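Structure data follow from data_10.txt (compact mmCIF, C-alpha atoms and all ligand atoms):
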# COMPACT_ATOMS: atom_id res chain seq x y z
CA MET A 1 6.77 -9.99 21.78
CA GLN A 2 9.95 -7.93 21.83
CA PRO A 3 10.30 -4.97 24.21
CA VAL A 4 8.53 -2.01 22.58
CA SER A 5 11.62 0.19 22.82
CA LEU A 6 13.38 -1.51 19.89
CA ARG A 7 13.85 0.77 16.91
CA PRO A 8 12.01 0.10 13.61
CA LYS A 9 15.21 -0.98 11.79
CA THR A 10 15.77 -3.67 14.45
CA LEU A 11 12.12 -4.70 14.35
CA GLU A 12 12.35 -5.62 10.65
CA ILE A 13 14.55 -8.49 11.88
CA HIS A 14 13.36 -9.19 15.43
CA GLY A 15 9.79 -7.88 15.36
CA GLY A 16 7.18 -10.52 16.09
CA GLY A 17 9.78 -12.81 17.61
CA SER A 18 10.54 -13.58 21.20
CA LEU A 19 13.73 -13.59 23.22
CA GLN A 20 12.97 -17.21 24.03
CA ASP A 21 12.83 -18.20 20.35
CA ARG A 22 14.50 -21.50 19.53
CA GLU A 23 14.46 -20.87 15.79
CA LEU A 24 17.19 -18.79 14.21
CA ARG A 25 15.19 -18.78 11.00
CA GLN A 26 11.42 -18.99 11.08
CA SER A 27 10.01 -22.40 10.18
CA VAL A 28 6.94 -22.93 8.02
CA GLN A 29 3.93 -24.57 9.62
CA ARG A 30 2.40 -25.95 6.43
CA VAL A 31 -0.79 -27.38 7.93
CA VAL A 32 -4.51 -26.80 7.64
CA ALA A 33 -5.70 -27.75 11.13
CA PHE A 34 -4.27 -27.89 14.66
CA PRO A 35 -5.01 -30.42 17.41
CA LEU A 36 -7.85 -29.15 19.56
CA GLY A 37 -7.15 -31.24 22.69
CA SER A 38 -10.15 -31.97 24.87
CA PRO A 39 -13.74 -31.34 23.72
CA GLN A 40 -13.96 -28.67 26.41
CA ARG A 41 -10.96 -26.83 24.94
CA ALA A 42 -12.38 -27.20 21.41
CA GLN A 43 -15.60 -25.58 22.60
CA ARG A 44 -13.71 -22.73 24.29
CA LEU A 45 -11.63 -22.16 21.14
CA PHE A 46 -14.69 -22.11 18.89
CA ASP A 47 -16.56 -19.82 21.31
CA GLY A 48 -13.61 -17.42 21.32
CA LYS A 49 -13.14 -17.91 25.08
CA GLU A 50 -9.59 -19.22 24.62
CA ASN A 51 -6.94 -18.07 22.15
CA GLY A 52 -5.25 -20.77 20.11
CA PHE A 53 -4.68 -22.16 16.66
CA VAL A 54 -7.63 -23.93 15.10
CA TYR A 55 -7.53 -23.77 11.32
CA THR A 56 -5.18 -21.93 8.94
CA ARG A 57 -8.00 -19.96 7.30
CA ILE A 58 -8.37 -18.18 10.67
CA ASN A 59 -4.84 -18.16 12.10
CA ASN A 60 -1.50 -19.95 11.79
CA PRO A 61 1.77 -19.56 13.73
CA THR A 62 3.85 -18.71 10.62
CA VAL A 63 1.31 -16.14 9.47
CA GLY A 64 1.03 -14.86 13.04
CA ARG A 65 4.77 -14.16 13.18
CA LEU A 66 4.46 -12.04 10.04
CA GLU A 67 1.45 -10.19 11.49
CA ASP A 68 3.33 -9.45 14.71
CA LYS A 69 6.47 -8.35 12.88
CA ILE A 70 4.68 -5.80 10.67
CA ALA A 71 2.48 -4.63 13.56
CA ALA A 72 5.64 -3.96 15.61
CA MET A 73 7.20 -2.03 12.71
CA GLU A 74 4.02 0.02 12.21
CA ASN A 75 3.38 0.72 15.88
CA ALA A 76 0.02 -1.05 15.59
CA GLU A 77 -1.57 -3.17 18.30
CA ALA A 78 -2.29 -5.99 15.85
CA GLY A 79 -2.27 -7.07 12.21
CA LEU A 80 -4.30 -9.35 9.96
CA VAL A 81 -2.48 -10.74 6.92
CA THR A 82 -4.60 -11.38 3.83
CA SER A 83 -4.13 -13.06 0.46
CA SER A 84 -3.48 -9.77 -1.39
CA GLY A 85 -3.64 -6.01 -1.02
CA MET A 86 -7.00 -5.95 -2.80
CA SER A 87 -8.51 -8.53 -0.44
CA ALA A 88 -7.32 -6.37 2.50
CA ILE A 89 -9.04 -3.28 1.04
CA LYS A 90 -12.24 -5.17 0.26
CA LEU A 91 -12.32 -6.74 3.72
CA VAL A 92 -12.01 -3.35 5.44
CA ALA A 93 -14.80 -1.96 3.23
CA GLU A 94 -17.05 -4.95 3.94
CA TYR A 95 -16.33 -4.84 7.64
CA LEU A 96 -16.80 -1.10 8.17
CA ALA A 97 -19.36 -0.17 5.51
CA HIS A 98 -21.63 -3.18 4.91
CA ARG A 99 -25.37 -2.44 4.98
CA ASN A 100 -25.40 0.55 2.64
CA GLY A 101 -22.51 2.48 4.15
CA LYS A 102 -20.66 5.29 2.43
CA ILE A 103 -16.91 5.83 2.02
CA ILE A 104 -15.28 9.19 1.41
CA SER A 105 -12.09 8.59 -0.57
CA SER A 106 -9.33 10.48 -2.29
CA ASN A 107 -9.53 9.82 -6.05
CA ARG A 108 -5.73 9.49 -6.30
CA LEU A 109 -5.69 5.71 -6.10
CA TYR A 110 -4.21 2.58 -7.62
CA GLY A 111 -6.50 1.75 -10.61
CA GLY A 112 -7.71 -1.54 -9.07
CA THR A 113 -8.81 0.23 -5.88
CA PHE A 114 -10.58 2.95 -7.89
CA HIS A 115 -12.38 0.29 -9.92
CA LEU A 116 -13.40 -1.63 -6.77
CA PHE A 117 -14.75 1.60 -5.25
CA GLN A 118 -16.43 2.87 -8.41
CA GLU A 119 -17.83 -0.35 -9.87
CA PHE A 120 -17.96 -3.25 -7.44
CA LEU A 121 -18.60 -1.91 -3.92
CA PRO A 122 -21.77 -0.15 -5.20
CA GLN A 123 -23.00 -3.62 -6.30
CA LEU A 124 -22.81 -4.58 -2.60
CA GLY A 125 -24.70 -1.43 -1.62
CA ILE A 126 -21.56 0.46 -0.52
CA THR A 127 -21.12 3.82 -2.22
CA VAL A 128 -17.94 5.85 -2.53
CA ASN A 129 -17.69 9.63 -2.80
CA PHE A 130 -14.42 10.81 -4.31
CA ILE A 131 -12.51 13.95 -3.34
CA THR A 132 -10.52 15.51 -6.19
CA ASN A 133 -7.92 18.28 -6.62
CA PRO A 134 -5.36 17.43 -3.93
CA ASP A 135 -3.21 20.39 -5.00
CA GLN A 136 -5.70 22.88 -3.62
CA ASP A 137 -5.92 24.00 -0.01
CA ALA A 138 -9.61 23.23 -0.01
CA TYR A 139 -8.75 19.55 -0.45
CA TYR A 140 -8.67 18.79 3.27
CA ASP A 141 -11.84 20.80 3.97
CA ALA A 142 -13.65 18.80 1.29
CA PHE A 143 -13.54 15.71 3.52
CA THR A 144 -15.50 17.61 6.18
CA TYR A 145 -18.06 18.99 3.70
CA LYS A 146 -18.67 15.60 2.13
CA CYS A 147 -19.30 14.01 5.53
CA MET A 148 -21.52 16.68 7.01
CA GLY A 149 -25.09 15.58 7.47
CA SER A 150 -24.36 12.04 6.28
CA ILE A 151 -24.76 9.45 8.99
CA GLU A 152 -24.08 6.68 6.48
CA THR A 153 -20.43 7.64 6.10
CA LYS A 154 -18.36 4.88 7.71
CA PHE A 155 -14.74 5.80 6.97
CA ILE A 156 -12.33 8.08 5.15
CA TYR A 157 -9.80 6.52 2.75
CA VAL A 158 -6.52 7.79 1.33
CA GLU A 159 -3.56 6.23 -0.43
CA THR A 160 -0.22 7.91 0.27
CA PRO A 161 2.04 8.12 -1.63
CA SER A 162 -0.57 7.62 -4.34
CA ASN A 163 -0.13 5.38 -7.38
CA PRO A 164 1.01 6.54 -9.95
CA LEU A 165 1.26 10.31 -9.25
CA ILE A 166 2.98 10.02 -5.86
CA ASP A 167 0.86 12.63 -4.08
CA ILE A 168 1.94 12.92 -0.47
CA PHE A 169 -0.99 13.53 1.88
CA ASP A 170 -0.75 15.04 5.33
CA ILE A 171 -1.95 12.19 7.53
CA LYS A 172 -1.68 14.22 10.74
CA ARG A 173 -3.92 16.94 9.32
CA LEU A 174 -6.38 14.41 7.95
CA SER A 175 -6.52 12.48 11.22
CA GLU A 176 -7.43 15.69 13.09
CA ILE A 177 -10.32 16.13 10.68
CA THR A 178 -11.50 12.52 10.94
CA ARG A 179 -11.23 12.60 14.73
CA ASN A 180 -13.55 15.62 14.80
CA LEU A 181 -15.92 13.77 12.50
CA ARG A 182 -15.64 10.63 14.69
CA LEU A 183 -14.82 8.54 11.63
CA PRO A 184 -11.96 6.07 11.16
CA LEU A 185 -9.14 7.13 8.86
CA VAL A 186 -7.94 4.25 6.67
CA VAL A 187 -4.59 4.71 4.91
CA ASP A 188 -3.15 2.56 2.13
CA SER A 189 0.55 2.99 2.89
CA THR A 190 1.81 0.40 0.39
CA LEU A 191 4.19 2.72 -1.43
CA ALA A 192 5.72 4.05 1.79
CA THR A 193 6.15 0.79 3.74
CA PRO A 194 6.91 1.07 7.47
CA ALA A 195 10.48 1.99 6.52
CA LEU A 196 9.35 5.45 5.29
CA LEU A 197 6.10 6.28 7.10
CA ASN A 198 4.08 5.21 10.14
CA PRO A 199 0.51 6.49 9.59
CA ILE A 200 -0.70 5.11 12.94
CA LYS A 201 1.84 7.28 14.78
CA LEU A 202 0.38 10.24 12.85
CA GLY A 203 -3.19 9.45 13.91
CA ALA A 204 -4.51 6.98 11.30
CA ASP A 205 -6.84 4.29 12.68
CA ILE A 206 -6.30 1.53 10.12
CA VAL A 207 -3.33 0.97 7.82
CA ILE A 208 -3.40 -1.29 4.78
CA HIS A 209 -0.44 -2.57 2.79
CA SER A 210 -0.17 -4.59 -0.34
CA LEU A 211 2.74 -6.85 0.63
CA SER A 212 3.18 -7.73 -3.05
CA LYS A 213 5.38 -4.66 -3.66
CA TYR A 214 8.49 -3.70 -1.65
CA MET A 215 7.78 -5.95 1.33
CA GLY A 216 7.95 -9.22 -0.63
CA ASP A 217 10.56 -7.95 -3.11
CA GLY A 218 8.44 -9.12 -6.05
CA GLU A 219 8.24 -12.77 -4.99
CA VAL A 220 4.78 -13.29 -3.45
CA ILE A 221 1.33 -11.71 -3.25
CA GLY A 222 -0.09 -10.64 0.11
CA GLY A 223 -1.77 -7.87 2.07
CA ILE A 224 -2.18 -6.72 5.67
CA ILE A 225 -4.63 -4.71 7.77
CA LEU A 226 -3.23 -3.04 10.91
CA GLY A 227 -5.03 -1.36 13.79
CA LYS A 228 -6.32 -1.76 17.34
CA LYS A 229 -6.37 -5.33 18.65
CA ALA A 230 -10.13 -5.34 19.37
CA LEU A 231 -10.90 -4.32 15.79
CA ILE A 232 -8.46 -6.80 14.23
CA ASP A 233 -9.78 -9.65 16.43
CA ASP A 234 -13.35 -8.80 15.52
CA MET A 235 -12.51 -8.72 11.82
CA ARG A 236 -10.60 -12.02 12.05
CA ASN A 237 -13.42 -13.80 13.88
CA GLY A 238 -16.13 -12.51 11.56
CA TRP A 239 -15.78 -11.33 7.98
CA PHE A 240 -12.24 -12.71 7.55
CA ARG A 241 -13.00 -16.13 8.99
CA GLU A 242 -16.19 -16.62 7.03
CA THR A 243 -15.09 -15.16 3.69
CA GLY A 244 -11.63 -16.78 3.62
CA PRO A 245 -9.05 -14.36 2.12
CA CYS A 246 -6.10 -15.93 4.00
CA ILE A 247 -2.47 -16.22 2.86
CA SER A 248 -0.55 -19.51 2.68
CA PRO A 249 2.01 -20.14 5.46
CA ASP A 250 4.71 -20.57 2.76
CA ASN A 251 4.06 -17.12 1.36
CA ALA A 252 3.94 -15.65 4.87
CA ALA A 253 7.38 -17.11 5.64
CA ILE A 254 8.83 -15.77 2.38
CA LEU A 255 7.47 -12.32 3.26
CA SER A 256 9.03 -12.50 6.74
CA TYR A 257 12.43 -13.29 5.22
CA HIS A 258 12.26 -10.45 2.67
CA ILE A 259 11.12 -7.89 5.24
CA GLU A 260 14.42 -8.42 7.11
CA SER A 261 16.09 -6.34 4.37
CA LEU A 262 13.32 -3.77 3.84
CA PHE A 263 15.02 -0.66 5.27
CA GLY A 264 18.20 -1.15 3.24
CA ARG A 265 16.29 -1.83 0.04
CA MET A 266 14.02 1.18 0.52
CA ALA A 267 17.03 3.46 1.03
CA GLU A 268 18.41 2.30 -2.34
CA HIS A 269 15.05 2.75 -4.11
CA CYS A 270 14.74 6.27 -2.67
CA ARG A 271 18.27 7.31 -3.61
CA ASN A 272 18.01 5.95 -7.16
CA ALA A 273 14.56 7.45 -7.73
CA GLU A 274 15.69 10.91 -6.60
CA LEU A 275 18.63 10.83 -9.01
CA VAL A 276 16.49 9.59 -11.90
CA ALA A 277 13.76 12.19 -11.15
CA GLN A 278 16.36 14.96 -11.18
CA PHE A 279 17.73 13.77 -14.53
CA LEU A 280 14.26 13.50 -16.08
CA ALA A 281 13.19 16.91 -14.78
CA ASN A 282 15.95 18.46 -16.90
CA HIS A 283 15.27 16.38 -20.02
CA LYS A 284 13.78 18.27 -22.97
CA LYS A 285 11.56 15.33 -24.02
CA VAL A 286 9.94 15.21 -20.57
CA ILE A 287 7.15 17.68 -19.83
CA ARG A 288 6.72 16.81 -16.17
CA VAL A 289 8.08 14.45 -13.55
CA PHE A 290 5.67 13.29 -10.87
CA TYR A 291 7.96 12.63 -7.92
CA PRO A 292 7.73 14.41 -4.56
CA THR A 293 11.21 15.96 -4.78
CA GLN A 294 10.10 17.86 -7.90
CA GLY A 295 7.71 20.82 -8.23
CA PRO A 296 6.37 23.47 -5.86
CA ARG A 297 5.40 21.05 -3.08
CA ALA A 298 8.89 19.52 -2.75
CA LYS A 299 9.73 21.26 0.54
CA LYS A 300 6.39 20.41 2.11
CA ASN A 301 6.68 16.81 0.92
CA ARG A 302 10.10 16.46 2.57
CA LYS A 303 8.58 17.54 5.88
CA LEU A 304 5.81 14.97 5.53
CA MET A 305 8.14 12.09 4.58
CA PRO A 306 11.67 12.98 5.67
CA ASN A 307 13.00 9.45 5.06
CA GLY A 308 12.27 9.51 1.32
CA PHE A 309 9.49 8.64 -1.10
CA GLY A 310 10.29 5.18 -2.50
CA GLY A 311 10.93 4.09 -6.07
CA LEU A 312 7.70 4.87 -7.94
CA MET A 313 7.27 7.89 -10.22
CA ALA A 314 5.39 8.97 -13.33
CA ILE A 315 6.55 11.07 -16.24
CA GLU A 316 4.69 12.95 -18.93
CA VAL A 317 6.61 12.70 -22.20
CA LYS A 318 6.44 15.18 -25.06
CA GLY A 319 3.55 14.05 -27.28
CA GLY A 320 0.79 11.56 -26.48
CA GLN A 321 0.18 7.81 -26.21
CA ASN A 322 2.28 6.96 -29.31
CA GLU A 323 5.34 8.74 -27.92
CA ALA A 324 4.84 7.15 -24.48
CA TRP A 325 4.64 3.71 -26.12
CA THR A 326 7.76 4.45 -28.20
CA VAL A 327 9.75 5.24 -25.06
CA LEU A 328 8.36 2.14 -23.33
CA LYS A 329 9.30 -0.12 -26.26
CA SER A 330 12.77 1.45 -26.55
CA LEU A 331 13.77 0.87 -22.93
CA LYS A 332 16.25 -2.01 -22.65
CA LEU A 333 16.90 -2.29 -18.92
CA PHE A 334 13.38 -1.58 -17.66
CA TRP A 335 11.03 -4.58 -17.75
CA HIS A 336 7.51 -3.99 -19.01
CA ALA A 337 5.50 -5.42 -16.10
CA ALA A 338 2.60 -4.57 -13.78
CA ASN A 339 4.36 -4.35 -10.46
CA ILE A 340 6.16 -1.93 -8.16
CA GLY A 341 9.11 -2.21 -5.82
CA GLU A 342 11.17 -5.02 -7.31
CA ALA A 343 14.98 -5.10 -7.53
CA ARG A 344 14.73 -4.56 -11.31
CA SER A 345 13.26 -1.37 -12.75
CA LEU A 346 9.81 -1.69 -14.30
CA VAL A 347 7.75 0.42 -16.69
CA ILE A 348 4.06 0.51 -17.65
CA HIS A 349 1.63 2.78 -19.52
CA PRO A 350 -1.14 3.47 -16.93
CA THR A 351 -4.01 4.69 -19.15
CA THR A 352 -4.02 1.46 -21.18
CA THR A 353 -3.26 -0.93 -18.30
CA THR A 354 -3.39 -0.34 -14.52
CA HIS A 355 -5.80 2.61 -14.84
CA GLY A 356 -7.45 1.46 -18.10
CA LYS A 357 -10.78 0.58 -16.45
CA MET A 358 -11.35 4.18 -15.32
CA SER A 359 -13.47 6.30 -17.65
CA PRO A 360 -11.53 9.01 -19.54
CA ALA A 361 -13.38 11.62 -17.44
CA ASP A 362 -12.41 9.94 -14.15
CA ARG A 363 -8.82 9.61 -15.38
CA GLU A 364 -8.72 13.27 -16.26
CA LYS A 365 -10.01 14.18 -12.80
CA ALA A 366 -7.31 11.97 -11.28
CA GLY A 367 -4.60 13.59 -13.47
CA ILE A 368 -3.69 10.41 -15.38
CA ILE A 369 -3.03 11.14 -19.04
CA ASP A 370 -2.08 9.27 -22.23
CA ALA A 371 1.41 10.77 -22.46
CA MET A 372 2.30 9.29 -19.09
CA LEU A 373 4.55 6.38 -18.16
CA ARG A 374 4.88 4.89 -14.71
CA LEU A 375 8.39 3.93 -13.67
CA SER A 376 9.25 1.72 -10.73
CA ILE A 377 12.88 2.53 -10.09
CA GLY A 378 14.83 -0.52 -8.97
CA ARG A 379 18.15 -1.02 -7.28
CA GLU A 380 20.48 -1.10 -10.29
CA ASP A 381 23.29 1.45 -10.64
CA PRO A 382 21.32 4.68 -11.24
CA LYS A 383 23.73 5.74 -14.01
CA ASP A 384 22.65 2.71 -16.07
CA LEU A 385 18.98 3.60 -15.55
CA ILE A 386 19.65 7.18 -16.62
CA ASP A 387 21.54 6.01 -19.74
CA ASP A 388 18.68 3.69 -20.66
CA LEU A 389 16.01 6.38 -20.19
CA ASN A 390 18.12 8.85 -22.17
CA GLN A 391 18.49 6.56 -25.20
CA ALA A 392 14.77 5.69 -25.12
CA LEU A 393 13.66 9.33 -24.87
CA LYS A 394 15.85 10.17 -27.86
CA LYS A 395 13.55 7.94 -29.98
CA ILE A 396 10.74 10.54 -29.83
N1 LIG A 401 -2.56 -0.58 -3.12
C1 LIG A 401 -1.66 -0.03 -3.96
C2 LIG A 401 -1.15 1.35 -3.69
C3 LIG A 401 -1.21 -0.74 -5.08
O1 LIG A 401 -0.34 -0.17 -5.91
C4 LIG A 401 -1.74 -2.04 -5.32
C5 LIG A 401 -1.31 -2.82 -6.49
O2 LIG A 401 -0.59 -2.35 -7.35
C6 LIG A 401 -2.67 -2.57 -4.42
C7 LIG A 401 -3.05 -1.81 -3.32
C8 LIG A 401 -3.24 -3.93 -4.62
O3 LIG A 401 -2.34 -4.89 -4.14
P1 LIG A 401 -2.32 -6.43 -4.59
O4 LIG A 401 -1.81 -6.46 -5.98
O5 LIG A 401 -1.42 -7.08 -3.59
O6 LIG A 401 -3.72 -6.94 -4.50

Using structure tokens, write down the structure from this file.
Ligand code: PLP
Amino acid sequence: MQPVSLRPKTLEIHGGGSLQDRELRQSVQRVVAFPLGSPQRAQRLFDGKENGFVYTRINNPTVGRLEDKIAAMENAEAGLVTSSGMSAIKLVAEYLAHRNGKIISSNRLYGGTFHLFQEFLPQLGITVNFITNPDQDAYYDAFTYKCMGSIETKFIYVETPSNPLIDIFDIKRLSEITRNLRLPLVVDSTLATPALLNPIKLGADIVIHSLSKYMGDGEVIGGIILGKKALIDDMRNGWFRETGPCISPDNAAILSYHIESLFGRMAEHCRNAELVAQFLANHKKVIRVFYPTQGPRAKKNRKLMPNGFGGLMAIEVKGGQNEAWTVLKSLKLFWHAANIGEARSLVIHPTTTTHGKMSPADREKAGIIDAMLRLSIGREDPKDLIDDLNQALKKI
């Protein structure tokens, strides 16, 4: 491992490496199994009495380098890379809340996570209680009320910034609450990435990322769970090992290469998104822009994430679903695709796609409406993005 004093920007390149490294560029160990040596060593490895590589479903040197790099960037003791962001979320839920546990979660979530929590975890006996209305002061207190008297509650879950409304939650304040409740705070920090936020430094216990967004620059799917080494080891040697949601070494290497440019790319996404949000906020065909630099919470949001908010935003256009679809179809530069954080700008209509599985009532509670479009602002010249949005909005 590198000395801990290296700054995050340096760790995106050197994190997880060693000063004795012989490789300038990380190689790919594309293998399933590793030589075990003597029978005695094999027994020690299988008993967990010796650390070493056994089988790529459990650990692999290429994947391990990625885990160490992101852990260094996040200030975490250890990381466990998974096949996708969703498999990371499901693994944490299985690990912490199996046997009829309860989760208290913000309802401002990526649609897939909401659906997992609402529909599928209950089929495994895990129930999820949602907290709504993040704009109200009582929001933070609600976590305490929901947990009081419930010994089944196993963890608290938030996504920040949230998808697609980009709510910014106060992790420090939440972690004080969860510490008092003696419950782990789990944060999905996908939209922030370690370039913009370090929830563990602010008191979170477990951080999850979908690596399929900014980290992998749109090339590969992956996820990671970060936290204390004892917890990560226990998860790896139990639920992870026996359920199998591992990543391929090839994809892990690709992620390691892309992460070397994360800070620079995030700065461009943030700058472009702020300019686009400002333009849209003044547009007469736009009712509301959901981006943290806009609205009454802008000053507070800046304090919570001083390095910027990333490239995702949502807009409410004048009209309803038809008008939103008209704008979507009229955009020329934005690609219509279900991802976030790529070099190219992307657009999608959440109520009929990413958040389409939520009931209309749940969508309303989560503030996701038919007149809304989600924009993932890329790294093109922002003036071209503004021109494109302007011509598309003129169509309604
Ligand atoms: N978390 C957030 C905030 C997301 O936006 C997504 C996907 O869009 C996920 C998790 C799921 O990640 P993956 O697609 O890698 O499974």

| said: List as a PyMOL selection string the protein and nucleic acid residues lying within 8 Å of ligand LIG 401 (chain A), with only C-alpha atoms and all ligand atoms counted. | reply: chain A and resi 83-89+109-113+159-164+188-191+208-213+221-223+338-340+354

Mind writing the picked residues with C-alpha atoms as a PDB file, in the coordinates of the input?
ATOM      1  CA  SER A  83      -4.130 -13.060   0.460  1.00  0.00           C
ATOM      2  CA  SER A  84      -3.480  -9.770  -1.390  1.00  0.00           C
ATOM      3  CA  GLY A  85      -3.640  -6.010  -1.020  1.00  0.00           C
ATOM      4  CA  MET A  86      -7.000  -5.950  -2.800  1.00  0.00           C
ATOM      5  CA  SER A  87      -8.510  -8.530  -0.440  1.00  0.00           C
ATOM      6  CA  ALA A  88      -7.320  -6.370   2.500  1.00  0.00           C
ATOM      7  CA  ILE A  89      -9.040  -3.280   1.040  1.00  0.00           C
ATOM      8  CA  LEU A 109      -5.690   5.710  -6.100  1.00  0.00           C
ATOM      9  CA  TYR A 110      -4.210   2.580  -7.620  1.00  0.00           C
ATOM     10  CA  GLY A 111      -6.500   1.750 -10.610  1.00  0.00           C
ATOM     11  CA  GLY A 112      -7.710  -1.540  -9.070  1.00  0.00           C
ATOM     12  CA  THR A 113      -8.810   0.230  -5.880  1.00  0.00           C
ATOM     13  CA  GLU A 159      -3.560   6.230  -0.430  1.00  0.00           C
ATOM     14  CA  THR A 160      -0.220   7.910   0.270  1.00  0.00           C
ATOM     15  CA  PRO A 161       2.040   8.120  -1.630  1.00  0.00           C
ATOM     16  CA  SER A 162      -0.570   7.620  -4.340  1.00  0.00           C
ATOM     17  CA  ASN A 163      -0.130   5.380  -7.380  1.00  0.00           C
ATOM     18  CA  PRO A 164       1.010   6.540  -9.950  1.00  0.00           C
ATOM     19  CA  ASP A 188      -3.150   2.560   2.130  1.00  0.00           C
ATOM     20  CA  SER A 189       0.550   2.990   2.890  1.00  0.00           C
ATOM     21  CA  THR A 190       1.810   0.400   0.390  1.00  0.00           C
ATOM     22  CA  LEU A 191       4.190   2.720  -1.430  1.00  0.00           C
ATOM     23  CA  ILE A 208      -3.400  -1.290   4.780  1.00  0.00           C
ATOM     24  CA  HIS A 209      -0.440  -2.570   2.790  1.00  0.00           C
ATOM     25  CA  SER A 210      -0.170  -4.590  -0.340  1.00  0.00           C
ATOM     26  CA  LEU A 211       2.740  -6.850   0.630  1.00  0.00           C
ATOM     27  CA  SER A 212       3.180  -7.730  -3.050  1.00  0.00           C
ATOM     28  CA  LYS A 213       5.380  -4.660  -3.660  1.00  0.00           C
ATOM     29  CA  ILE A 221       1.330 -11.710  -3.250  1.00  0.00           C
ATOM     30  CA  GLY A 222      -0.090 -10.640   0.110  1.00  0.00           C
ATOM     31  CA  GLY A 223      -1.770  -7.870   2.070  1.00  0.00           C
ATOM     32  CA  ALA A 338       2.600  -4.570 -13.780  1.00  0.00           C
ATOM     33  CA  ASN A 339       4.360  -4.350 -10.460  1.00  0.00           C
ATOM     34  CA  ILE A 340       6.160  -1.930  -8.160  1.00  0.00           C
ATOM     35  CA  THR A 354      -3.390  -0.340 -14.520  1.00  0.00           C
TER      36      THR A 354
END

Given all atoms listed in the file as the counted atoms, nearest of A:Ser150, A:Asn272, A:Asn60, A:Asn307 to Leu196 in chain A:
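For Leu196 in chain A, the nearest of the candidates is A:Asn307.
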
**Study point:** Contacts of Gly341 in chain A within 9 Å, all atoms listed in the file, excl. fewer than 3 positions in-chain, as a list in words
**Key:** Leu191, Ser212, Lys213, Tyr214, Met215, Gly216, Asp217, Gly218, Met266, His269, Gly310, Gly311, Leu312, Arg344, Ser345, Leu346, Ser376, Ile377 and Gly378 of chain A

Show me a table, sorted first by chain and then by increasing residue number, of the residues of range 185-304 of chain A having an atom at most 9 Å from range 29-44 of chain A, each with its shortest atom pair and the distance in Å to one decimal, counting only C-alpha atoms and written as JSON lines.
{"residue": "A:Ser248", "atom": "CA", "partner": "A:Arg30", "partner_atom": "CA", "distance": 8.0}
{"residue": "A:Pro249", "atom": "CA", "partner": "A:Arg30", "partner_atom": "CA", "distance": 5.9}
{"residue": "A:Asp250", "atom": "CA", "partner": "A:Arg30", "partner_atom": "CA", "distance": 6.9}

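For the atom pair formed by CA of Ser330 in chain A and CA of Gly356 in chain A, the distance is 21.9 Å, given to one decimal.
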
- Find, counting all atoms listed in the file, the residue in A:Asn301, A:Ser27, A:Ser261, A:Asn390 that gets nearest to Glu12 in chain A.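 Of all the options, A:Ser261 lies closest to Glu12 in chain A.
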
Using only C-alpha atoms, the best pick from A:Val220, A:Ile168, A:Ala281, A:Ile177 as closest to Ala253 in chain A would be A:Val220

Check your understanding: Given the choices A:Thr127, A:Asn251, A:Thr293, A:Asn198, which gets closest to Ile166 in chain A if the distance is worked out from all atoms listed in the file?
Key ->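 Of A:Thr127, A:Asn251, A:Thr293, A:Asn198, the one nearest Ile166 in chain A, counting all atoms listed in the file, is A:Thr293.
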
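Coordinates place CA of Leu202 in chain A at a distance of 18.4 Å from CA of Asp141 in chain A.
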
CA of His98 in chain A sits from CA of Gly125 in chain A at a separation of 7.4 Å

- request: Quick one: everything within 9 Å of Leu197 in chain A, counting all atoms listed in the file, minus sequence neighbours fewer than 3 positions away in the same chain. Send it as a VMD selection string.
  value: chain A and resid 74 189 192 to 194 201 304 to 307

message: Which residues are near Asp234 in chain A? Cut-off 12 Å, only C-alpha atoms, ignore same chain within fewer than 5 positions. Put them as a list of chain:residue names.
response: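 Using only C-alpha atoms, the neighbours found are A:Gly48, A:Ile58, A:Ala78, A:Gly79, A:Leu80, A:Val92, A:Tyr95, A:Leu96, A:Gly227, A:Lys228, A:Lys229, A:Trp239, A:Phe240, A:Arg241, A:Glu242.
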
Compile the contact shell of Gly15 in chain A as a ChimeraX atom specification: residues with an atom at most 6 Å away, counting only C-alpha atoms, same-chain residues fewer than 3 positions apart removed. /A:11-12,69,72

Could you please take those selected residues and save C-alpha atoms as an mmCIF file, in the frame of the given file?
data_model
loop_
_atom_site.group_PDB
_atom_site.id
_atom_site.type_symbol
_atom_site.label_atom_id
_atom_site.label_comp_id
_atom_site.auth_asym_id
_atom_site.auth_seq_id
_atom_site.Cartn_x
_atom_site.Cartn_y
_atom_site.Cartn_z
ATOM 1 C CA LEU A 11 12.120 -4.700 14.350
ATOM 2 C CA GLU A 12 12.350 -5.620 10.650
ATOM 3 C CA LYS A 69 6.470 -8.350 12.880
ATOM 4 C CA ALA A 72 5.640 -3.960 15.610
#

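Candidate residues A:Val289, A:Val207, A:Ala366, A:Ile315 were compared for distance to Phe130 in chain A, and the nearest is A:Ala366, using only C-alpha atoms.
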